[in-house]
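Peer 1: Here it is, the structure in full.
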Amino acid sequence: MLKLIVCIKQVPMVSELPWDSRTGTLKREMADGMINPACKHALEAALQLRHRYGAHITALTMGPPMAQECLHEAIAMGADRGILMTDRRMAGADTLITSFTLARAIEKACPDFDLVLCGCHTSDSETAQVGPQLAEELDVAGVTYAEHMEVHGRTLRMERESDDFLETLEMDLPGLVTVTTRKYTPRYAPLTGLYDAFDAPDILTLDADALGLDPKVIGMKASPTRILNVRSATAEKENIVLKGAVKRMINTLFHEFGDKISGAMGKDLKTHDHDDEEE
Amino acid sequence: MNKAKSSIWVFGDYRNYFQNRVTLQLLARAREMAPRIGAEVCAVIFGHDLDEYVGEYIAHGAEKVYALDHPDMAEYRVGPYVTLMTAAVRKYEPEIILVGATDFGREFAPRVAKRLRTGLTADCIGLEINDDGLMVQTAPSFGGNLLADIVTPEARPQMATVRPGTFQELPHDYEASGEVIRLPLPDDLPRPRVRLISAERLPQREQRLEDAKIVICGGRGMGSKTKFKKLFELARLTDGEVGATRPVVHSRWSDPDTLIGQAGRHVSPQILFSFGISGAIQHTAAINDADFIIAVNKNPNAAMMKLADLAIVADANQFCSALIRALKARIRD
């Protein structure tokens with residue numbers, strides 16, 4: 001039976017995130033967490049592989065204690081068990097150190113894995129780096145944006161689109177793939193499954209001590225990159241707000257931005273219409 | 001022995017040269033940064049029959065090109081390329097490595113950074129040298145809602161992948177000359193772990209949405225399939241293209257091909273009209289290259305309205321109809 005590991009990340013639900021209108025920034029700490037959407041595609045791919053070939057699926061996440069929620073959800077979707085790596089000392093890791101730490105947990109809790117599946121990117125930091133770096137760290141074959149996966153003996157065959165090429169690739173297991181979001185639409189977790197997942201969770205919690213990791217090699221301090229500052233992209237925009245009667249707003253639109261619109265359209269526009277004065 | 005002059009390396013990603021000139025754009029930016037740290041600008045290229053690209057890189061700003069030209073390297077393969085790059089970096093010790101954020105670059109650069117145990121900032125949309133001589137790498141996160149300025153203070157090299165289109169390439173300089181250093185193919189290159197069974201170039205994709213100067217994108221707030229169709233009329237008037245959000249595609253108001261989002265198309269128009277879209281992250285991640293966003297939504301607090309340059313508080317469908325009428329009256333034949 002295949003042993004599959006799906007790496008998932010809990011990310012803030014940004015679209016429902018409150019904005020601080022004074023500073024123009026996201027109130028990140030007020031966000032509810034959810035499974036990063038692309039990670040759900042990786043889990044779906046694992047579930048489909050299990051359906052065809054039989055497999056045991058471990059969902060693995062690193063994060064604060066509340067990240068356990070996304071393991072419950074993964075189990076409700078069909079994962080067999082969850083592993084939560086949580087330790088304040090692991091916080092703030094960049095991709096180099098995150099992939100290092102994930103690899104140590106995999107070696108500890110699932111050393112005889114066949115395939116690690118990761119989402120192709122996260123919706124928060126969007127680096128798409130942890131998957132490829134985890135393949136390096138585990139010293140196994142790795143492929144990004146995999147789709148149409150088939151297992152033949154100890155070989156995984158897959159397709160992917162890469163820079164305008166359609167490629168068919170093969171690698172020997174064990175290996176790692178990041179999964180495209182184009183082919184594996186995640187199933188919904190049934191409500192009863194969610195109850196069950198919370199009732200009898202098969203979740204293993206690991207901290208740095210359990211992994212035998214020196215605090216000096218994990219977390220923010222060990223990470224080579226430093227974030228100097230984070231700013232709102234939207235704060236750099238004027239974010240002009242128009243309210244009121246539609247006709248008046250349309251006139252303002254053409255007065256203020258008619259040239260811009262006309263330039264993009266490649267057509268001449270009357271930006272000052274005599275109707276403008278009617279209102 | 002004197003320490004060699006520090007250098008900025010640009011990875012020569014030539015496979016889609018005619019579609020994607022990100023390597024040339026990075027060479028231009030490297031030329032601007034290089035004097036700040038007294039560095040020379042180098043391109044690095046692996047492949048076969050490379051003379052044309054070597055010449056192009058020199059004409060676009062490379063003072064030196066490290067080239068490994070061998071039939072065995074004719075196909076892009078991440079494993080061997082990572083091994084070759086890592087070895088070259090260890091030998092020549094560049095200060096900075098820039099890689100285009102192509103699909104290949106996004107797979108290749110993280111693995112190189114991992115082997116070198118250094119930092120890598122993904123998908124940068126800005127690069128500067130600060131007063132400490134460090135490269136400040138600006139990367140978007142949260143679907144472009146936030147920008148992070150990131151440095152790698154100690155580990156070397158400093159590495160970044162950069163979105164195509166972020167910088168302007170230099171004009172082709174026919175007089176430019178540069179040094180070409182031929183890299184040998186090592187005998188002990190490990191066998192690639194991933195076997196390429198076949199690769200075919202995809203038929204030229206319908207690129208109209210990606211290329212459009214005006215994109216008119218509609219969400220559920222348009223109200224109904226019939227009302228959504230008005231966006232196509234607006235598109236005809238403005239010579240634009242229509243895009244849609246996931247709920248719209250799911251409701252079959254629009255074709256799946258029009259999906260703009262993380263799982264669909266990414267657009268970078270001069271003007272993006274956004275009608276009745278709340279601004280879920282999966283959508284906004286794909287529009288943050290738009291120059292100017294005009295969002296129309298009844299809810300002034302929708303995430304999309306915060307992202308917009310111009311936020312118009314109105315019913316999307318009603319405003320669209322009024323805009324169509326106004327445009328018809330204003331377009332000069």
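Labeling convention for the structure tokens: chains A, B, ... as they appear, residues from 1 per chain, ligands from 1 in order of appearance.
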If you run DSSP on the backbone, which residues of region 121-214 of chain B are strand (DSSP E or B), as an MDAnalysis selection string?

Peer 2: chainID B and resid 121:124 126:129 135:141 146:151 158:162 179:182 194:201 214

Peer 1: Quick one: contact table of chain B to chain A, 6 Å max, nearest atom pair and distance in Å to one decimal per residue, counting only C-alpha atoms, chain and number order, as JSON lines?

Peer 2:
```
{"residue": "B:Asp103", "atom": "CA", "partner": "A:Asp163", "partner_atom": "CA", "distance": 5.6}
{"residue": "B:Pro110", "atom": "CA", "partner": "A:Gln129", "partner_atom": "CA", "distance": 5.5}
{"residue": "B:Arg111", "atom": "CA", "partner": "A:Gln133", "partner_atom": "CA", "distance": 5.4}
{"residue": "B:Lys114", "atom": "CA", "partner": "A:Gln133", "partner_atom": "CA", "distance": 5.9}
{"residue": "B:Gly119", "atom": "CA", "partner": "A:Pro224", "partner_atom": "CA", "distance": 5.1}
{"residue": "B:Ala122", "atom": "CA", "partner": "A:Thr127", "partner_atom": "CA", "distance": 5.0}
{"residue": "B:Ser141", "atom": "CA", "partner": "A:Ser125", "partner_atom": "CA", "distance": 4.8}
{"residue": "B:Phe142", "atom": "CA", "partner": "A:Asp124", "partner_atom": "CA", "distance": 4.4}
{"residue": "B:Asn145", "atom": "CA", "partner": "A:Ala233", "partner_atom": "CA", "distance": 5.3}
{"residue": "B:Leu146", "atom": "CA", "partner": "A:Ser232", "partner_atom": "CA", "distance": 4.5}
{"residue": "B:Leu147", "atom": "CA", "partner": "A:Arg231", "partner_atom": "CA", "distance": 5.3}
{"residue": "B:Ala148", "atom": "CA", "partner": "A:Val230", "partner_atom": "CA", "distance": 4.3}
{"residue": "B:Asp149", "atom": "CA", "partner": "A:Leu228", "partner_atom": "CA", "distance": 5.4}
{"residue": "B:Ile150", "atom": "CA", "partner": "A:Ile227", "partner_atom": "CA", "distance": 4.4}
{"residue": "B:Val151", "atom": "CA", "partner": "A:Arg226", "partner_atom": "CA", "distance": 5.3}
{"residue": "B:Thr152", "atom": "CA", "partner": "A:Thr225", "partner_atom": "CA", "distance": 4.5}
{"residue": "B:Ala155", "atom": "CA", "partner": "A:Pro224", "partner_atom": "CA", "distance": 6.0}
{"residue": "B:Arg193", "atom": "CA", "partner": "A:Ala141", "partner_atom": "CA", "distance": 5.4}
{"residue": "B:Val194", "atom": "CA", "partner": "A:Met171", "partner_atom": "CA", "distance": 4.7}
{"residue": "B:Arg195", "atom": "CA", "partner": "A:Glu170", "partner_atom": "CA", "distance": 5.1}
{"residue": "B:Leu196", "atom": "CA", "partner": "A:Leu169", "partner_atom": "CA", "distance": 4.7}
{"residue": "B:Ile197", "atom": "CA", "partner": "A:Thr168", "partner_atom": "CA", "distance": 5.3}
{"residue": "B:Ser198", "atom": "CA", "partner": "A:Thr168", "partner_atom": "CA", "distance": 5.2}
{"residue": "B:Ala199", "atom": "CA", "partner": "A:Glu167", "partner_atom": "CA", "distance": 4.3}
{"residue": "B:Glu200", "atom": "CA", "partner": "A:Leu166", "partner_atom": "CA", "distance": 5.4}
{"residue": "B:Arg201", "atom": "CA", "partner": "A:Phe165", "partner_atom": "CA", "distance": 4.4}
{"residue": "B:Leu202", "atom": "CA", "partner": "A:Phe165", "partner_atom": "CA", "distance": 5.3}
{"residue": "B:Lys213", "atom": "CA", "partner": "A:Ala264", "partner_atom": "CA", "distance": 5.7}
{"residue": "B:Thr238", "atom": "CA", "partner": "A:Met265", "partner_atom": "CA", "distance": 5.2}
{"residue": "B:Asp239", "atom": "CA", "partner": "A:Met265", "partner_atom": "CA", "distance": 5.9}
{"residue": "B:Ala263", "atom": "CA", "partner": "A:Thr181", "partner_atom": "CA", "distance": 5.7}
{"residue": "B:Ala280", "atom": "CA", "partner": "A:Ser15", "partner_atom": "CA", "distance": 4.7}
{"residue": "B:Ile281", "atom": "CA", "partner": "A:Ser15", "partner_atom": "CA", "distance": 5.8}
{"residue": "B:Leu307", "atom": "CA", "partner": "A:Thr234", "partner_atom": "CA", "distance": 5.4}
{"residue": "B:Ala308", "atom": "CA", "partner": "A:Asn239", "partner_atom": "CA", "distance": 5.8}
{"residue": "B:Asp309", "atom": "CA", "partner": "A:Asn239", "partner_atom": "CA", "distance": 4.4}
{"residue": "B:Leu310", "atom": "CA", "partner": "A:Ile240", "partner_atom": "CA", "distance": 4.8}
{"residue": "B:Ala311", "atom": "CA", "partner": "A:Val241", "partner_atom": "CA", "distance": 4.7}
{"residue": "B:Ile312", "atom": "CA", "partner": "A:Leu242", "partner_atom": "CA", "distance": 4.8}
{"residue": "B:Val313", "atom": "CA", "partner": "A:Lys243", "partner_atom": "CA", "distance": 5.2}
{"residue": "B:Arg330", "atom": "CA", "partner": "A:Lys270", "partner_atom": "CA", "distance": 4.9}
{"residue": "B:Ile331", "atom": "CA", "partner": "A:Leu269", "partner_atom": "CA", "distance": 4.7}
{"residue": "B:Arg332", "atom": "CA", "partner": "A:Asp268", "partner_atom": "CA", "distance": 5.4}
```

Peer 1: Measuring atom to atom with only C-alpha atoms, identify which of B:Lys227, B:Arg182, B:Lys64, B:Lys298 is nearest to Lys5 (chain B).

Peer 2: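 Among the listed residues, B:Lys64 lies closest to Lys5 (chain B).
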
Peer 1: Excluding Leu231 (chain B) and residues on its chain fewer than 6 positions from it, collect all residues at most 8 Å away from it, counting only C-alpha atoms, and give them as a PyMOL selection string.

Peer 2: chain B and resi 216-218+242+320

Peer 1: Quick one: write out the picked residues with N, CA, C and O atoms as a short mmCIF file (atom, residue, chain, number, x, y, z; two decimals), in the first residue's frame?

Peer 2:
```
data_model
loop_
_atom_site.label_atom_id
_atom_site.label_comp_id
_atom_site.auth_asym_id
_atom_site.auth_seq_id
_atom_site.Cartn_x
_atom_site.Cartn_y
_atom_site.Cartn_z
N ILE B 216 -12.55 43.47 -18.82
CA ILE B 216 -13.81 43.75 -18.14
C ILE B 216 -14.21 42.49 -17.42
O ILE B 216 -14.57 41.50 -18.04
N CYS B 217 -14.10 42.53 -16.10
CA CYS B 217 -14.30 41.31 -15.35
C CYS B 217 -15.57 41.43 -14.52
O CYS B 217 -15.81 42.46 -13.89
N GLY B 218 -16.39 40.40 -14.57
CA GLY B 218 -17.66 40.43 -13.84
C GLY B 218 -17.75 39.34 -12.82
O GLY B 218 -17.22 38.24 -13.00
N VAL B 242 -13.55 40.04 -21.94
CA VAL B 242 -14.33 39.76 -20.73
C VAL B 242 -13.70 38.63 -19.92
O VAL B 242 -13.31 37.60 -20.47
N CYS B 320 -23.02 49.45 -15.31
CA CYS B 320 -22.54 48.94 -16.60
C CYS B 320 -23.41 49.47 -17.74
O CYS B 320 -22.91 49.94 -18.76
#
```

Peer 1: If you count only C-alpha atoms, which residues fall within 9 Å of Arg36 (chain B), apart from same-chain ones fewer than 4 positions away, as an mmCIF file with all heavy atoms, in the first residue's frame?

Peer 2:
```cif
data_model
loop_
_atom_site.group_PDB
_atom_site.id
_atom_site.type_symbol
_atom_site.label_atom_id
_atom_site.label_comp_id
_atom_site.auth_asym_id
_atom_site.auth_seq_id
_atom_site.Cartn_x
_atom_site.Cartn_y
_atom_site.Cartn_z
ATOM 1 N N GLU B 32 21.563 48.357 -13.755
ATOM 2 C CA GLU B 32 21.281 49.529 -12.918
ATOM 3 C C GLU B 32 21.788 49.348 -11.484
ATOM 4 O O GLU B 32 22.236 50.294 -10.854
ATOM 5 C CB GLU B 32 19.766 49.802 -12.901
ATOM 6 C CG GLU B 32 19.254 50.391 -14.203
ATOM 7 C CD GLU B 32 17.736 50.360 -14.327
ATOM 8 O OE1 GLU B 32 17.053 49.850 -13.419
ATOM 9 O OE2 GLU B 32 17.239 50.830 -15.349
ATOM 10 N N ILE B 129 19.149 48.303 -4.416
ATOM 11 C CA ILE B 129 20.288 48.143 -3.506
ATOM 12 C C ILE B 129 20.151 49.222 -2.437
ATOM 13 O O ILE B 129 20.021 50.407 -2.756
ATOM 14 C CB ILE B 129 21.627 48.307 -4.259
ATOM 15 C CG1 ILE B 129 21.748 47.299 -5.405
ATOM 16 C CG2 ILE B 129 22.792 48.199 -3.286
ATOM 17 C CD1 ILE B 129 21.923 45.860 -4.995
ATOM 18 N N ASN B 130 20.183 48.821 -1.159
ATOM 19 C CA ASN B 130 20.027 49.833 -0.101
ATOM 20 C C ASN B 130 21.394 50.375 0.325
ATOM 21 O O ASN B 130 22.439 49.987 -0.227
ATOM 22 C CB ASN B 130 19.204 49.287 1.077
ATOM 23 C CG ASN B 130 19.967 48.251 1.903
ATOM 24 O OD1 ASN B 130 21.163 48.035 1.711
ATOM 25 N ND2 ASN B 130 19.264 47.627 2.836
ATOM 26 N N ASP B 131 21.390 51.257 1.321
ATOM 27 C CA ASP B 131 22.631 51.914 1.724
ATOM 28 C C ASP B 131 23.634 50.947 2.345
ATOM 29 O O ASP B 131 24.831 51.249 2.421
ATOM 30 C CB ASP B 131 22.332 53.065 2.697
ATOM 31 C CG ASP B 131 21.591 54.196 1.992
ATOM 32 O OD1 ASP B 131 21.664 54.251 0.739
ATOM 33 O OD2 ASP B 131 20.930 55.005 2.677
ATOM 34 N N GLY B 133 24.243 48.165 0.997
ATOM 35 C CA GLY B 133 24.709 47.338 -0.113
ATOM 36 C C GLY B 133 23.943 46.030 -0.254
ATOM 37 O O GLY B 133 24.361 45.130 -0.981
#
```

Peer 1: When DSSP works through the backbone of this structure, what residues of region 53-224 of chain B end up as alpha helix (DSSP H), shown as a compact mmCIF listing (two decimals) with N, CA and C atoms, in the first residue's frame?

Peer 2:
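In the end it all went to result_4.txt:
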```
# COMPACT_ATOMS: atom_id res chain seq x y z
N TYR B 53 21.85 33.09 -28.30
CA TYR B 53 21.42 33.66 -27.02
C TYR B 53 22.57 34.35 -26.31
N VAL B 54 23.75 33.75 -26.38
CA VAL B 54 24.94 34.39 -25.78
C VAL B 54 25.10 35.79 -26.37
N GLY B 55 24.98 35.88 -27.68
CA GLY B 55 25.11 37.18 -28.35
C GLY B 55 24.03 38.15 -27.91
N GLU B 56 22.82 37.65 -27.78
CA GLU B 56 21.72 38.51 -27.34
C GLU B 56 21.94 39.03 -25.92
N TYR B 57 22.44 38.16 -25.05
CA TYR B 57 22.64 38.59 -23.66
C TYR B 57 23.70 39.68 -23.60
N ILE B 58 24.76 39.53 -24.41
CA ILE B 58 25.80 40.56 -24.42
C ILE B 58 25.22 41.87 -24.98
N ALA B 59 24.44 41.75 -26.03
CA ALA B 59 23.84 42.95 -26.63
C ALA B 59 22.86 43.62 -25.68
N VAL B 78 15.47 20.05 -14.54
CA VAL B 78 15.78 20.75 -13.30
C VAL B 78 16.98 20.14 -12.59
N GLY B 79 16.99 18.81 -12.46
CA GLY B 79 18.03 18.16 -11.66
C GLY B 79 19.45 18.54 -12.11
N PRO B 80 19.80 18.23 -13.36
CA PRO B 80 21.16 18.58 -13.82
C PRO B 80 21.43 20.09 -13.79
N TYR B 81 20.44 20.88 -14.14
CA TYR B 81 20.65 22.33 -14.12
C TYR B 81 20.98 22.82 -12.71
N VAL B 82 20.30 22.25 -11.70
CA VAL B 82 20.57 22.66 -10.31
C VAL B 82 21.99 22.29 -9.93
N THR B 83 22.40 21.09 -10.32
CA THR B 83 23.76 20.64 -10.00
C THR B 83 24.79 21.55 -10.66
N LEU B 84 24.58 21.86 -11.95
CA LEU B 84 25.53 22.71 -12.68
C LEU B 84 25.59 24.11 -12.08
N MET B 85 24.42 24.65 -11.78
CA MET B 85 24.37 26.02 -11.25
C MET B 85 25.06 26.08 -9.89
N THR B 86 24.75 25.11 -9.04
CA THR B 86 25.33 25.11 -7.70
C THR B 86 26.86 25.05 -7.79
N ALA B 87 27.36 24.20 -8.67
CA ALA B 87 28.82 24.08 -8.82
C ALA B 87 29.41 25.39 -9.33
N ALA B 88 28.77 26.01 -10.30
CA ALA B 88 29.29 27.27 -10.85
C ALA B 88 29.28 28.38 -9.79
N VAL B 89 28.23 28.42 -8.99
CA VAL B 89 28.15 29.45 -7.94
C VAL B 89 29.25 29.24 -6.91
N ARG B 90 29.48 27.99 -6.56
CA ARG B 90 30.54 27.72 -5.56
C ARG B 90 31.89 28.14 -6.10
N LYS B 91 32.07 27.98 -7.40
CA LYS B 91 33.37 28.32 -7.98
C LYS B 91 33.55 29.83 -8.14
N TYR B 92 32.54 30.51 -8.64
CA TYR B 92 32.71 31.93 -9.00
C TYR B 92 32.13 32.91 -7.98
N ASP B 103 7.84 29.17 -15.18
CA ASP B 103 7.58 27.89 -14.50
C ASP B 103 8.91 27.21 -14.16
N PHE B 104 9.83 27.23 -15.12
CA PHE B 104 11.12 26.58 -14.87
C PHE B 104 11.87 27.31 -13.76
N GLY B 105 11.92 28.64 -13.84
CA GLY B 105 12.64 29.43 -12.84
C GLY B 105 12.10 29.20 -11.44
N ARG B 106 10.79 29.05 -11.34
CA ARG B 106 10.18 28.86 -10.03
C ARG B 106 10.49 27.49 -9.44
N GLU B 107 10.84 26.54 -10.30
CA GLU B 107 11.21 25.22 -9.80
C GLU B 107 12.72 25.13 -9.55
N PHE B 108 13.46 25.80 -10.41
CA PHE B 108 14.92 25.72 -10.41
C PHE B 108 15.52 26.54 -9.26
N ALA B 109 15.09 27.79 -9.11
CA ALA B 109 15.72 28.69 -8.14
C ALA B 109 15.59 28.20 -6.69
N PRO B 110 14.40 27.71 -6.26
CA PRO B 110 14.32 27.25 -4.87
C PRO B 110 15.28 26.11 -4.58
N ARG B 111 15.50 25.25 -5.58
CA ARG B 111 16.38 24.11 -5.34
C ARG B 111 17.84 24.55 -5.29
N VAL B 112 18.19 25.51 -6.12
CA VAL B 112 19.55 26.05 -6.06
C VAL B 112 19.77 26.71 -4.69
N ALA B 113 18.80 27.52 -4.27
CA ALA B 113 18.92 28.20 -2.97
C ALA B 113 19.05 27.19 -1.84
N LYS B 114 18.29 26.11 -1.95
CA LYS B 114 18.34 25.08 -0.90
C LYS B 114 19.73 24.46 -0.81
N ARG B 115 20.29 24.12 -1.97
CA ARG B 115 21.61 23.48 -1.93
C ARG B 115 22.68 24.44 -1.43
N LEU B 116 22.48 25.71 -1.72
CA LEU B 116 23.47 26.70 -1.29
C LEU B 116 23.17 27.21 0.12
N ARG B 208 -5.71 36.22 -25.83
CA ARG B 208 -6.32 37.55 -25.89
C ARG B 208 -6.56 38.17 -24.52
N LEU B 209 -7.04 37.35 -23.57
CA LEU B 209 -7.28 37.91 -22.23
C LEU B 209 -5.99 38.41 -21.61
N GLU B 210 -4.95 37.60 -21.75
CA GLU B 210 -3.66 37.98 -21.16
C GLU B 210 -3.08 39.22 -21.84
N ASP B 211 -3.39 39.38 -23.12
CA ASP B 211 -2.79 40.49 -23.86
C ASP B 211 -3.66 41.75 -23.87
```

Peer 1: Can you pull out the residues contacting Asp123 (chain B)? Cut-off 8 Å, using only C-alpha atoms, and skip same-chain residues under 2 positions away; I want them as a list in words.

Peer 2: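 That gives Thr127 of chain A; Ala101, Thr121, Ile125, Ala139, Pro140, Ala160, Thr161, Val162 and Arg163 of chain B.
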
Peer 1: Using only C-alpha atoms, which of A:Ala93, A:Cys7, A:Leu49, A:Met77 sits nearest Gly219 (chain A)?

Peer 2: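 Under the stated criterion, the closest residue is A:Ala93.
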
Peer 1: Leaving out region 201-206 of chain A and any residue of its chain fewer than 5 positions from it, which residues lie within 9 Å of it when counting only C-alpha atoms, given as a list in words?

Peer 2: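 My list of contacting residues is Gln68, Leu71, His72, Ile75, Asp80, Arg81, Gly82, Ile83, Leu84, Met85, Thr86, Asp87, Ala105, Ala109, Asp196 and Leu211 of chain A.
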